[in-house]
file data.pdb (PDB, C-alpha atoms, pLDDT in the B column)
ATOM      1  CA  MET A 539     155.377 126.729  81.776  1.00 96.00           C
ATOM      2  CA  ARG A 540     153.532 128.860  79.203  1.00 98.00           C
ATOM      3  CA  ILE A 541     149.781 128.584  79.718  1.00 98.00           C
ATOM      4  CA  GLY A 542     147.204 130.029  77.350  1.00 98.00           C
ATOM      5  CA  ILE A 543     143.736 130.554  78.783  1.00 98.00           C
ATOM      6  CA  LEU A 544     140.712 130.805  76.496  1.00 98.00           C
ATOM      7  CA  GLY A 545     138.546 133.204  78.446  1.00 96.00           C
ATOM      8  CA  ALA A 546     139.121 136.235  80.620  1.00 94.00           C
ATOM      9  CA  GLY A 547     136.085 136.096  82.865  1.00 93.00           C
ATOM     10  CA  ASN A 548     136.093 135.176  86.549  1.00 94.00           C
ATOM     11  CA  VAL A 549     137.311 131.606  85.901  1.00 96.00           C
ATOM     12  CA  GLY A 550     140.078 132.586  83.485  1.00 96.00           C
ATOM     13  CA  GLN A 551     141.296 135.412  85.690  1.00 95.00           C
ATOM     14  CA  SER A 552     141.228 133.298  88.860  1.00 95.00           C
ATOM     15  CA  LEU A 553     143.179 130.434  87.299  1.00 97.00           C
ATOM     16  CA  GLY A 554     145.551 132.842  85.606  1.00 96.00           C
ATOM     17  CA  LYS A 555     146.323 134.598  88.866  1.00 95.00           C
ATOM     18  CA  GLY A 556     146.816 131.344  90.779  1.00 96.00           C
ATOM     19  CA  LEU A 557     149.127 129.856  88.166  1.00 97.00           C
ATOM     20  CA  ALA A 558     151.068 133.104  87.764  1.00 96.00           C
ATOM     21  CA  LYS A 559     151.783 133.068  91.499  1.00 94.00           C
ATOM     22  CA  SER A 560     153.227 129.572  91.043  1.00 95.00           C
ATOM     23  CA  GLY A 561     155.746 130.823  88.489  1.00 96.00           C
ATOM     24  CA  HIS A 562     153.978 130.108  85.203  1.00 97.00           C
ATOM     25  CA  GLN A 563     153.691 132.542  82.303  1.00 98.00           C
ATOM     26  CA  ILE A 564     150.030 133.248  81.550  1.00 97.00           C
ATOM     27  CA  LEU A 565     148.205 134.661  78.551  1.00 97.00           C
ATOM     28  CA  ILE A 566     144.462 135.047  79.093  1.00 96.00           C
ATOM     29  CA  SER A 567     142.275 135.921  76.120  1.00 95.00           C
ATOM     30  CA  SER A 568     139.061 137.654  75.197  1.00 92.00           C
ATOM     31  CA  ARG A 569     137.170 139.193  72.303  1.00 89.00           C
ATOM     32  CA  THR A 570     137.863 142.520  74.059  1.00 83.00           C
ATOM     33  CA  PRO A 571     141.330 142.004  75.572  1.00 79.00           C
ATOM     34  CA  HIS A 572     141.963 145.646  76.404  1.00 76.00           C
ATOM     35  CA  SER A 573     138.967 146.449  78.575  1.00 77.00           C
ATOM     36  CA  ARG A 574     139.481 148.132  81.965  1.00 77.00           C
ATOM     37  CA  LYS A 575     138.596 144.974  83.912  1.00 74.00           C
ATOM     38  CA  ARG A 576     141.235 142.953  82.049  1.00 78.00           C
ATOM     39  CA  ASN A 577     143.835 145.655  82.634  1.00 82.00           C
ATOM     40  CA  LEU A 578     143.211 145.478  86.393  1.00 87.00           C
ATOM     41  CA  TRP A 579     144.042 141.750  86.226  1.00 89.00           C
ATOM     42  CA  LYS A 580     147.202 142.528  84.269  1.00 89.00           C
ATOM     43  CA  HIS A 581     148.254 144.960  86.987  1.00 89.00           C
ATOM     44  CA  GLU A 582     147.746 142.273  89.653  1.00 91.00           C
ATOM     45  CA  VAL A 583     149.873 139.607  87.969  1.00 93.00           C
ATOM     46  CA  GLY A 584     152.559 141.934  86.623  1.00 93.00           C
ATOM     47  CA  ASP A 585     155.130 140.503  84.230  1.00 94.00           C
ATOM     48  CA  ALA A 586     153.816 136.940  84.737  1.00 95.00           C
ATOM     49  CA  GLY A 587     150.676 137.551  82.697  1.00 95.00           C
ATOM     50  CA  ASP A 588     149.199 139.375  79.737  1.00 94.00           C
ATOM     51  CA  ILE A 589     145.980 139.588  77.731  1.00 93.00           C
ATOM     52  CA  ALA A 590     145.509 138.817  74.034  1.00 94.00           C
ATOM     53  CA  SER A 591     143.175 137.315  71.448  1.00 94.00           C
ATOM     54  CA  PHE A 592     141.984 133.706  71.566  1.00 96.00           C
ATOM     55  CA  ALA A 593     144.275 132.707  68.695  1.00 96.00           C
ATOM     56  CA  GLU A 594     147.299 134.345  70.321  1.00 96.00           C
ATOM     57  CA  ALA A 595     146.660 132.558  73.623  1.00 97.00           C
ATOM     58  CA  ALA A 596     146.256 129.221  71.818  1.00 98.00           C
ATOM     59  CA  GLN A 597     149.503 129.737  69.924  1.00 97.00           C
ATOM     60  CA  PHE A 598     151.359 130.879  73.070  1.00 98.00           C
ATOM     61  CA  GLY A 599     150.433 128.101  75.475  1.00 98.00           C
ATOM     62  CA  GLU A 600     152.233 124.819  75.976  1.00 98.00           C
ATOM     63  CA  VAL A 601     149.050 123.947  77.866  1.00 98.00           C
ATOM     64  CA  ILE A 602     145.655 125.479  77.068  1.00 98.00           C
ATOM     65  CA  ILE A 603     142.822 126.029  79.537  1.00 98.00           C
ATOM     66  CA  ALA A 604     139.325 126.318  78.054  1.00 98.00           C
ATOM     67  CA  ALA A 605     137.655 128.627  80.590  1.00 97.00           C
ATOM     68  CA  LEU A 606     134.672 129.812  78.576  1.00 96.00           C
ATOM     69  CA  PRO A 607     130.924 129.575  79.190  1.00 94.00           C
ATOM     70  CA  TRP A 608     129.488 126.550  77.425  1.00 94.00           C
ATOM     71  CA  SER A 609     127.275 128.839  75.348  1.00 93.00           C
ATOM     72  CA  SER A 610     130.342 130.222  73.532  1.00 95.00           C
ATOM     73  CA  MET A 611     132.851 127.379  73.944  1.00 97.00           C
ATOM     74  CA  ILE A 612     132.433 125.600  70.604  1.00 96.00           C
ATOM     75  CA  GLU A 613     132.143 128.826  68.620  1.00 96.00           C
ATOM     76  CA  VAL A 614     135.413 130.173  70.045  1.00 97.00           C
ATOM     77  CA  ILE A 615     137.349 126.914  69.648  1.00 97.00           C
ATOM     78  CA  GLU A 616     136.254 126.651  66.013  1.00 96.00           C
ATOM     79  CA  THR A 617     137.673 130.123  65.273  1.00 95.00           C
ATOM     80  CA  ILE A 618     141.176 128.969  66.296  1.00 97.00           C
ATOM     81  CA  ASP A 619     143.489 127.352  63.763  1.00 96.00           C
ATOM     82  CA  PRO A 620     143.693 123.685  64.873  1.00 94.00           C
ATOM     83  CA  VAL A 621     147.466 123.725  64.350  1.00 96.00           C
ATOM     84  CA  TYR A 622     147.776 125.978  67.417  1.00 98.00           C
ATOM     85  CA  LEU A 623     146.167 123.254  69.558  1.00 98.00           C
ATOM     86  CA  LYS A 624     147.628 120.162  67.900  1.00 97.00           C
ATOM     87  CA  ASN A 625     149.271 117.709  70.334  1.00 98.00           C
ATOM     88  CA  LYS A 626     148.663 120.075  73.251  1.00 98.00           C
ATOM     89  CA  THR A 627     146.949 119.407  76.550  1.00 98.00           C
ATOM     90  CA  VAL A 628     143.613 121.257  76.607  1.00 98.00           C
ATOM     91  CA  ILE A 629     142.121 121.537  80.088  1.00 98.00           C
ATOM     92  CA  ASP A 630     138.332 121.724  80.071  1.00 98.00           C
ATOM     93  CA  VAL A 631     136.829 123.339  83.180  1.00 98.00           C
ATOM     94  CA  SER A 632     133.363 123.901  81.686  1.00 96.00           C
ATOM     95  CA  ASN A 633     129.892 122.614  82.513  1.00 94.00           C
ATOM     96  CA  ALA A 634     126.979 122.333  80.099  1.00 91.00           C
ATOM     97  CA  VAL A 635     124.054 123.128  82.408  1.00 89.00           C
ATOM     98  CA  HIS A 636     120.818 125.058  82.422  1.00 85.00           C
ATOM     99  CA  PHE A 637     118.730 126.282  85.318  1.00 82.00           C
ATOM    100  CA  ASP A 638     115.165 126.166  84.016  1.00 82.00           C
ATOM    101  CA  ASN A 639     113.033 124.425  86.657  1.00 79.00           C
ATOM    102  CA  GLY A 640     116.130 123.705  88.724  1.00 78.00           C
ATOM    103  CA  PRO A 641     119.730 122.960  87.666  1.00 86.00           C
ATOM    104  CA  ARG A 642     120.080 120.173  85.106  1.00 88.00           C
ATOM    105  CA  LEU A 643     122.689 118.863  82.697  1.00 91.00           C
ATOM    106  CA  LEU A 644     122.218 120.208  79.192  1.00 90.00           C
ATOM    107  CA  LEU A 645     123.820 117.137  77.569  1.00 91.00           C
ATOM    108  CA  THR A 646     122.298 113.759  78.429  1.00 86.00           C
ATOM    109  CA  ASN A 647     124.083 111.198  76.236  1.00 90.00           C
ATOM    110  CA  THR A 648     127.511 112.835  76.226  1.00 95.00           C
ATOM    111  CA  SER A 649     129.425 115.534  78.116  1.00 96.00           C
ATOM    112  CA  ALA A 650     131.143 118.848  77.522  1.00 96.00           C
ATOM    113  CA  GLY A 651     134.532 117.154  77.816  1.00 97.00           C
ATOM    114  CA  GLU A 652     133.662 114.552  75.189  1.00 97.00           C
ATOM    115  CA  VAL A 653     132.298 117.184  72.804  1.00 97.00           C
ATOM    116  CA  ILE A 654     135.471 119.265  73.073  1.00 98.00           C
ATOM    117  CA  GLN A 655     137.621 116.177  72.501  1.00 98.00           C
ATOM    118  CA  SER A 656     135.558 115.307  69.410  1.00 97.00           C
ATOM    119  CA  ILE A 657     136.145 118.726  67.805  1.00 97.00           C
ATOM    120  CA  LEU A 658     139.840 118.657  68.775  1.00 97.00           C
ATOM    121  CA  PRO A 659     140.830 115.109  67.761  1.00 97.00           C
ATOM    122  CA  GLU A 660     144.552 115.972  67.634  1.00 97.00           C
ATOM    123  CA  SER A 661     144.575 117.569  71.106  1.00 98.00           C
ATOM    124  CA  HIS A 662     144.570 115.875  74.523  1.00 98.00           C
ATOM    125  CA  VAL A 663     141.541 117.074  76.461  1.00 98.00           C
ATOM    126  CA  VAL A 664     141.626 116.694  80.242  1.00 98.00           C
ATOM    127  CA  LYS A 665     138.566 117.469  82.332  1.00 98.00           C
ATOM    128  CA  THR A 666     139.120 118.985  85.781  1.00 98.00           C
ATOM    129  CA  LEU A 667     138.198 121.859  88.135  1.00 98.00           C
ATOM    130  CA  ASN A 668     134.590 121.907  86.878  1.00 96.00           C
ATOM    131  CA  THR A 669     133.186 120.795  90.240  1.00 95.00           C
ATOM    132  CA  VAL A 670     134.038 124.007  92.124  1.00 94.00           C
ATOM    133  CA  SER A 671     133.402 127.721  91.739  1.00 92.00           C
ATOM    134  CA  ASP A 672     136.075 130.102  90.471  1.00 93.00           C
ATOM    135  CA  LYS A 673     136.553 131.434  94.012  1.00 91.00           C
ATOM    136  CA  ILE A 674     138.074 128.166  95.222  1.00 92.00           C
ATOM    137  CA  MET A 675     139.846 126.878  92.115  1.00 95.00           C
ATOM    138  CA  SER A 676     143.124 128.203  93.480  1.00 94.00           C
ATOM    139  CA  HIS A 677     144.387 127.175  96.921  1.00 92.00           C
ATOM    140  CA  PRO A 678     141.112 125.921  98.427  1.00 92.00           C
ATOM    141  CA  GLN A 679     140.994 126.221 102.219  1.00 87.00           C
ATOM    142  CA  TYR A 680     138.425 124.555 104.460  1.00 88.00           C
ATOM    143  CA  LYS A 681     138.366 124.106 108.232  1.00 86.00           C
ATOM    144  CA  GLU A 682     137.057 120.555 107.848  1.00 84.00           C
ATOM    145  CA  GLY A 683     139.944 119.335 105.679  1.00 83.00           C
ATOM    146  CA  SER A 684     141.161 119.139 102.095  1.00 86.00           C
ATOM    147  CA  PRO A 685     138.736 118.823  99.160  1.00 93.00           C
ATOM    148  CA  ILE A 686     139.259 116.348  96.350  1.00 95.00           C
ATOM    149  CA  MET A 687     139.716 117.092  92.653  1.00 97.00           C
ATOM    150  CA  PHE A 688     139.084 114.735  89.756  1.00 98.00           C
ATOM    151  CA  VAL A 689     140.655 114.412  86.319  1.00 98.00           C
ATOM    152  CA  SER A 690     139.700 112.399  83.260  1.00 98.00           C
ATOM    153  CA  GLY A 691     141.182 112.146  79.773  1.00 98.00           C
ATOM    154  CA  ASN A 692     142.494 109.747  77.155  1.00 98.00           C
ATOM    155  CA  HIS A 693     146.204 110.677  77.340  1.00 98.00           C
ATOM    156  CA  ALA A 694     148.109 109.654  80.472  1.00 98.00           C
ATOM    157  CA  PRO A 695     151.050 112.105  80.026  1.00 98.00           C
ATOM    158  CA  SER A 696     148.582 115.001  79.707  1.00 98.00           C
ATOM    159  CA  LYS A 697     146.825 113.947  82.901  1.00 98.00           C
ATOM    160  CA  ASP A 698     150.216 113.851  84.634  1.00 98.00           C
ATOM    161  CA  GLN A 699     150.873 117.372  83.364  1.00 97.00           C
ATOM    162  CA  VAL A 700     147.512 118.554  84.703  1.00 98.00           C
ATOM    163  CA  ARG A 701     148.152 116.912  88.064  1.00 98.00           C
ATOM    164  CA  VAL A 702     151.319 119.015  88.430  1.00 97.00           C
ATOM    165  CA  LEU A 703     149.341 122.190  87.688  1.00 98.00           C
ATOM    166  CA  LEU A 704     146.641 121.180  90.168  1.00 98.00           C
ATOM    167  CA  ASN A 705     149.303 120.673  92.824  1.00 97.00           C
ATOM    168  CA  ASP A 706     150.623 124.150  91.994  1.00 97.00           C
ATOM    169  CA  LEU A 707     147.098 125.462  92.584  1.00 97.00           C
ATOM    170  CA  GLY A 708     146.970 123.831  96.006  1.00 95.00           C
ATOM    171  CA  TRP A 709     145.037 120.634  95.229  1.00 96.00           C
ATOM    172  CA  SER A 710     146.777 117.900  97.198  1.00 93.00           C
ATOM    173  CA  THR A 711     144.273 115.082  96.542  1.00 94.00           C
ATOM    174  CA  VAL A 712     143.762 114.378  92.833  1.00 97.00           C
ATOM    175  CA  VAL A 713     141.956 111.263  91.581  1.00 97.00           C
ATOM    176  CA  ASP A 714     142.113 110.003  87.991  1.00 98.00           C
ATOM    177  CA  LEU A 715     138.635 108.738  87.050  1.00 98.00           C
ATOM    178  CA  GLY A 716     139.659 107.303  83.673  1.00 98.00           C
ATOM    179  CA  ASP A 717     139.176 108.311  80.040  1.00 98.00           C
ATOM    180  CA  ILE A 718     137.368 111.396  78.746  1.00 98.00           C
ATOM    181  CA  ARG A 719     133.987 109.611  78.897  1.00 97.00           C
ATOM    182  CA  GLN A 720     134.207 110.035  82.668  1.00 97.00           C
ATOM    183  CA  SER A 721     133.823 113.785  82.254  1.00 97.00           C
ATOM    184  CA  PHE A 722     130.096 113.006  82.227  1.00 96.00           C
ATOM    185  CA  LEU A 723     130.545 111.744  85.770  1.00 95.00           C
ATOM    186  CA  GLN A 724     132.473 114.880  86.748  1.00 96.00           C
ATOM    187  CA  GLU A 725     129.751 117.110  85.352  1.00 95.00           C
ATOM    188  CA  SER A 726     127.175 115.086  87.297  1.00 94.00           C
ATOM    189  CA  ILE A 727     129.266 115.540  90.456  1.00 94.00           C
ATOM    190  CA  MET A 728     129.255 119.287  89.804  1.00 93.00           C
ATOM    191  CA  LEU A 729     125.477 119.230  89.564  1.00 92.00           C
ATOM    192  CA  ALA A 730     125.209 117.269  92.812  1.00 92.00           C
ATOM    193  CA  CYS A 731     127.458 119.847  94.470  1.00 91.00           C
ATOM    194  CA  VAL A 732     125.357 122.765  93.197  1.00 90.00           C
ATOM    195  CA  ILE A 733     122.122 121.165  94.414  1.00 90.00           C
ATOM    196  CA  SER A 734     123.751 120.395  97.778  1.00 91.00           C
ATOM    197  CA  GLU A 735     124.848 124.018  98.096  1.00 89.00           C
ATOM    198  CA  ILE A 736     121.294 125.188  97.428  1.00 88.00           C
ATOM    199  CA  GLN A 737     119.770 122.707  99.874  1.00 91.00           C
ATOM    200  CA  LEU A 738     122.280 123.469 102.632  1.00 90.00           C
ATOM    201  CA  GLN A 739     122.577 127.183 101.812  1.00 89.00           C
ATOM    202  CA  SER A 740     126.337 126.748 101.699  1.00 87.00           C
ATOM    203  CA  PRO A 741     127.887 128.397  98.625  1.00 86.00           C
ATOM    204  CA  GLY A 742     131.530 127.744  97.776  1.00 86.00           C
ATOM    205  CA  SER A 743     131.413 124.108  98.812  1.00 86.00           C
ATOM    206  CA  SER A 744     133.340 121.168  97.388  1.00 89.00           C
ATOM    207  CA  PHE A 745     133.496 117.432  97.936  1.00 87.00           C
ATOM    208  CA  ALA A 746     136.042 115.574 100.033  1.00 88.00           C
ATOM    209  CA  LEU A 747     136.853 111.870 100.306  1.00 87.00           C
ATOM    210  CA  LEU A 748     136.808 110.582 103.876  1.00 84.00           C
ATOM    211  CA  ARG A 749     139.198 107.703 104.526  1.00 84.00           C
ATOM    212  CA  HIS A 750     139.749 105.375 107.486  1.00 83.00           C
TER     213      HIS A 750
END
call {"tool": "encode", "arguments": {"input": "data.pdb", "output": "structure tokens"}}
result
Amino acid sequence: MRIGILGAGNVGQSLGKGLAKSGHQILISSRTPHSRKRNLWKHEVGDAGDIASFAEAAQFGEVIIAALPWSSMIEVIETIDPVYLKNKTVIDVSNAVHFDNGPRLLLTNTSAGEVIQSILPESHVVKTLNTVSDKIMSHPQYKEGSPIMFVSGNHAPSKDQVRVLLNDLGWSTVVDLGDIRQSFLQESIMLACVISEIQLQSPGSSFALLRH
């Protein structure tokens, strides 16, 4: 599958590398696509990946991953011709948070996922992978067992498509929470995870579902 990734930071590079190893063709993107750091990533993934502009990645991908900081997310999306994203699955892995006086959600009556869906009404936004750090987005391994990953979105076929990609990334337990309004819940779960990591001094953690 052709996957365009908006962003070439730690999250974009980590997801790009993991999906390239699973046989997908990846185009990550940046305002400065030809920097030395990006070229190192290109060397690691070989012919399975390349680096381009945001518009080129959006046009290239059958599926798009929005892997940008929230501070630049809307600005970047609005620079892309909507036709490049029309009828495509757009995976949102972002979190709108700030850390003044402790970590808190920046949006209180909506969520990052809902905002992205509202500015891309002809795309199918699916929220996932926002509850973990970039270091464990691909093939998470824990001694205690397998972590859980959540998805939410309005379009069932797009969520099925994302589930396949999550399986390719090593996520064996995926739970569909419902429509895109549930991305608020996912972002709250992320915040609970961050606070738990701080309290327990255990970075790189994720949640698991224990079953009888």
call {"tool": "resolve_selection", "arguments": {"input": "data.pdb", "expression": "the PyMOL selection byres ((chain A and resi 609-620) around 8)", "output": "mmCIF file with C-alpha atoms, in the frame of the given file"}}
result
data_model
loop_
_atom_site.group_PDB
_atom_site.id
_atom_site.type_symbol
_atom_site.label_atom_id
_atom_site.label_comp_id
_atom_site.auth_asym_id
_atom_site.auth_seq_id
_atom_site.Cartn_x
_atom_site.Cartn_y
_atom_site.Cartn_z
ATOM 1 C CA PHE A 592 141.984 133.706 71.566
ATOM 2 C CA ALA A 593 144.275 132.707 68.695
ATOM 3 C CA ALA A 596 146.256 129.221 71.818
ATOM 4 C CA ALA A 604 139.325 126.318 78.054
ATOM 5 C CA LEU A 606 134.672 129.812 78.576
ATOM 6 C CA PRO A 607 130.924 129.575 79.190
ATOM 7 C CA TRP A 608 129.488 126.550 77.425
ATOM 8 C CA VAL A 621 147.466 123.725 64.350
ATOM 9 C CA TYR A 622 147.776 125.978 67.417
ATOM 10 C CA LEU A 623 146.167 123.254 69.558
ATOM 11 C CA LYS A 624 147.628 120.162 67.900
ATOM 12 C CA ILE A 654 135.471 119.265 73.073
ATOM 13 C CA LEU A 658 139.840 118.657 68.775
#
call {"tool": "atom_distance", "arguments": {"input": "data.pdb", "atom1": "CA of Trp579 (chain A)", "atom2": "CA of Met539 (chain A)"}}
result
19.3 Å
call {"tool": "residues_around", "arguments": {"input": "data.pdb", "residues": "Ile718 (chain A)", "least_positions_apart": "4", "cutoff": "8 Å", "atoms": "only C-alpha atoms", "output": "VMD selection string"}}
result
chain A and resid 651 to 652 655 663 to 665 690 to 692
call {"tool": "atom_distance", "arguments": {"input": "data.pdb", "atom1": "CA of Ser591 (chain A)", "atom2": "CA of Lys575 (chain A)"}}
result
15.3 Å
call {"tool": "resolve_selection", "arguments": {"input": "data.pdb", "expression": "the PyMOL selection byres ((chain A and resi 543) around 6)", "output": "PyMOL selection string"}}
result
chain A and resi 542+544-545+566+602-603
call {"tool": "closest_residue", "arguments": {"input": "data.pdb", "among": "A:Thr648, A:Ser552, A:Ser744, A:Thr666", "to": "Val700 (chain A)", "atoms": "only C-alpha atoms"}}
result
A:Thr666
call {"tool": "residues_around", "arguments": {"input": "data.pdb", "residues": "region 694-697 of chain A", "least_positions_apart": "3", "cutoff": "12 Å", "atoms": "all atoms listed in the file", "output": "ChimeraX atom specification"}}
result
/A:600-602,625-630,661-666,688-691,700-704,712-718
call {"tool": "write_last_selection", "arguments": {"input": "data.pdb", "atoms": "C-alpha atoms", "output": "short mmCIF file (atom, residue, chain, number, x, y, z; two decimals), in the coordinates of the input"}}
result
data_model
loop_
_atom_site.label_atom_id
_atom_site.label_comp_id
_atom_site.auth_asym_id
_atom_site.auth_seq_id
_atom_site.Cartn_x
_atom_site.Cartn_y
_atom_site.Cartn_z
CA GLU A 600 152.23 124.82 75.98
CA VAL A 601 149.05 123.95 77.87
CA ILE A 602 145.66 125.48 77.07
CA ASN A 625 149.27 117.71 70.33
CA LYS A 626 148.66 120.08 73.25
CA THR A 627 146.95 119.41 76.55
CA VAL A 628 143.61 121.26 76.61
CA ILE A 629 142.12 121.54 80.09
CA ASP A 630 138.33 121.72 80.07
CA SER A 661 144.57 117.57 71.11
CA HIS A 662 144.57 115.88 74.52
CA VAL A 663 141.54 117.07 76.46
CA VAL A 664 141.63 116.69 80.24
CA LYS A 665 138.57 117.47 82.33
CA THR A 666 139.12 118.98 85.78
CA PHE A 688 139.08 114.74 89.76
CA VAL A 689 140.66 114.41 86.32
CA SER A 690 139.70 112.40 83.26
CA GLY A 691 141.18 112.15 79.77
CA VAL A 700 147.51 118.55 84.70
CA ARG A 701 148.15 116.91 88.06
CA VAL A 702 151.32 119.02 88.43
CA LEU A 703 149.34 122.19 87.69
CA LEU A 704 146.64 121.18 90.17
CA VAL A 712 143.76 114.38 92.83
CA VAL A 713 141.96 111.26 91.58
CA ASP A 714 142.11 110.00 87.99
CA LEU A 715 138.64 108.74 87.05
CA GLY A 716 139.66 107.30 83.67
CA ASP A 717 139.18 108.31 80.04
CA ILE A 718 137.37 111.40 78.75
#
call {"tool": "atom_distance", "arguments": {"input": "data.pdb", "atom1": "CA of Pro571 (chain A)", "atom2": "CA of Arg540 (chain A)"}}
result
18.3 Å
call {"tool": "axis_aligned_box", "arguments": {"input": "data.pdb", "around": "region 567-574 of chain A", "padding_each_side": "4 Å", "output": "AutoDock Vina command-line options"}}
result
--center_x 139.7 --center_y 142.0 --center_z 77.1 --size_x 13.1 --size_y 20.2 --size_z 17.7
call {"tool": "residues_near_point", "arguments": {"input": "data.pdb", "point": "(143.3, 114.8, 96.5)", "cutoff": "8 Å", "atoms": "only C-alpha atoms", "output": "list in words"}}
result
Ser684, Pro685, Ile686, Met687, Phe688, Trp709, Ser710, Thr711, Val712 and Val713 of chain A
call {"tool": "resolve_selection", "arguments": {"input": "data.pdb", "expression": "the PyMOL selection byres ((chain A and resi 677) around 7)", "output": "JSON, numbers by chain"}}
result
{"A": [674, 675, 676, 678, 679, 707, 708, 709]}
call {"tool": "closest_residue", "arguments": {"input": "data.pdb", "among": "A:Ser671, A:Gln737, A:Ala650, A:Leu747", "to": "Glu725 (chain A)", "atoms": "only C-alpha atoms"}}
result
A:Ala650
call {"tool": "residues_around", "arguments": {"input": "data.pdb", "residues": "Arg576 (chain A)", "least_positions_apart": "4", "cutoff": "12 Å", "atoms": "all atoms listed in the file", "output": "PDB file with C-alpha atoms, in the coordinates of the input"}}
result
ATOM      1  CA  GLY A 545     138.546 133.204  78.446  1.00 96.00           C
ATOM      2  CA  ALA A 546     139.121 136.235  80.620  1.00 94.00           C
ATOM      3  CA  GLY A 547     136.085 136.096  82.865  1.00 93.00           C
ATOM      4  CA  ASN A 548     136.093 135.176  86.549  1.00 94.00           C
ATOM      5  CA  GLY A 550     140.078 132.586  83.485  1.00 96.00           C
ATOM      6  CA  GLN A 551     141.296 135.412  85.690  1.00 95.00           C
ATOM      7  CA  SER A 552     141.228 133.298  88.860  1.00 95.00           C
ATOM      8  CA  GLY A 554     145.551 132.842  85.606  1.00 96.00           C
ATOM      9  CA  LYS A 555     146.323 134.598  88.866  1.00 95.00           C
ATOM     10  CA  LEU A 565     148.205 134.661  78.551  1.00 97.00           C
ATOM     11  CA  ILE A 566     144.462 135.047  79.093  1.00 96.00           C
ATOM     12  CA  SER A 567     142.275 135.921  76.120  1.00 95.00           C
ATOM     13  CA  SER A 568     139.061 137.654  75.197  1.00 92.00           C
ATOM     14  CA  ARG A 569     137.170 139.193  72.303  1.00 89.00           C
ATOM     15  CA  THR A 570     137.863 142.520  74.059  1.00 83.00           C
ATOM     16  CA  PRO A 571     141.330 142.004  75.572  1.00 79.00           C
ATOM     17  CA  HIS A 572     141.963 145.646  76.404  1.00 76.00           C
ATOM     18  CA  LYS A 580     147.202 142.528  84.269  1.00 89.00           C
ATOM     19  CA  HIS A 581     148.254 144.960  86.987  1.00 89.00           C
ATOM     20  CA  GLU A 582     147.746 142.273  89.653  1.00 91.00           C
ATOM     21  CA  VAL A 583     149.873 139.607  87.969  1.00 93.00           C
ATOM     22  CA  GLY A 587     150.676 137.551  82.697  1.00 95.00           C
ATOM     23  CA  ASP A 588     149.199 139.375  79.737  1.00 94.00           C
ATOM     24  CA  ILE A 589     145.980 139.588  77.731  1.00 93.00           C
ATOM     25  CA  ALA A 590     145.509 138.817  74.034  1.00 94.00           C
TER      26      ALA A 590
END
call {"tool": "residues_around", "arguments": {"input": "data.pdb", "residues": "Ser560 (chain A)", "least_positions_apart": "3", "cutoff": "8 Å", "atoms": "only C-alpha atoms", "output": "PyMOL selection string"}}
result
chain A and resi 556-557+706-707
call {"tool": "write_last_selection", "arguments": {"input": "data.pdb", "atoms": "C-alpha atoms", "output": "PDB file, in the coordinates of the input"}}
result
ATOM      1  CA  GLY A 556     146.816 131.344  90.779  1.00 96.00           C
ATOM      2  CA  LEU A 557     149.127 129.856  88.166  1.00 97.00           C
ATOM      3  CA  ASP A 706     150.623 124.150  91.994  1.00 97.00           C
ATOM      4  CA  LEU A 707     147.098 125.462  92.584  1.00 97.00           C
TER       5      LEU A 707
END
call {"tool": "closest_residue", "arguments": {"input": "data.pdb", "among": "A:Pro659, A:Gly742, A:Gly584, A:Gly599", "to": "Ile541 (chain A)", "atoms": "all atoms listed in the file"}}
result
A:Gly599
call {"tool": "closest_residue", "arguments": {"input": "data.pdb", "among": "A:Ile657, A:Val635, A:Leu578, A:Val670", "to": "Pro741 (chain A)", "atoms": "all atoms listed in the file"}}
result
A:Val670
call {"tool": "closest_residue", "arguments": {"input": "data.pdb", "among": "A:Val631, A:Ile564, A:Ala595, A:Leu644", "to": "Ser721 (chain A)", "atoms": "all atoms listed in the file"}}
result
A:Val631
call {"tool": "closest_residue", "arguments": {"input": "data.pdb", "among": "A:Asn647, A:His636, A:Gln699, A:Arg642", "to": "Leu729 (chain A)", "atoms": "all atoms listed in the file"}}
result
A:Arg642
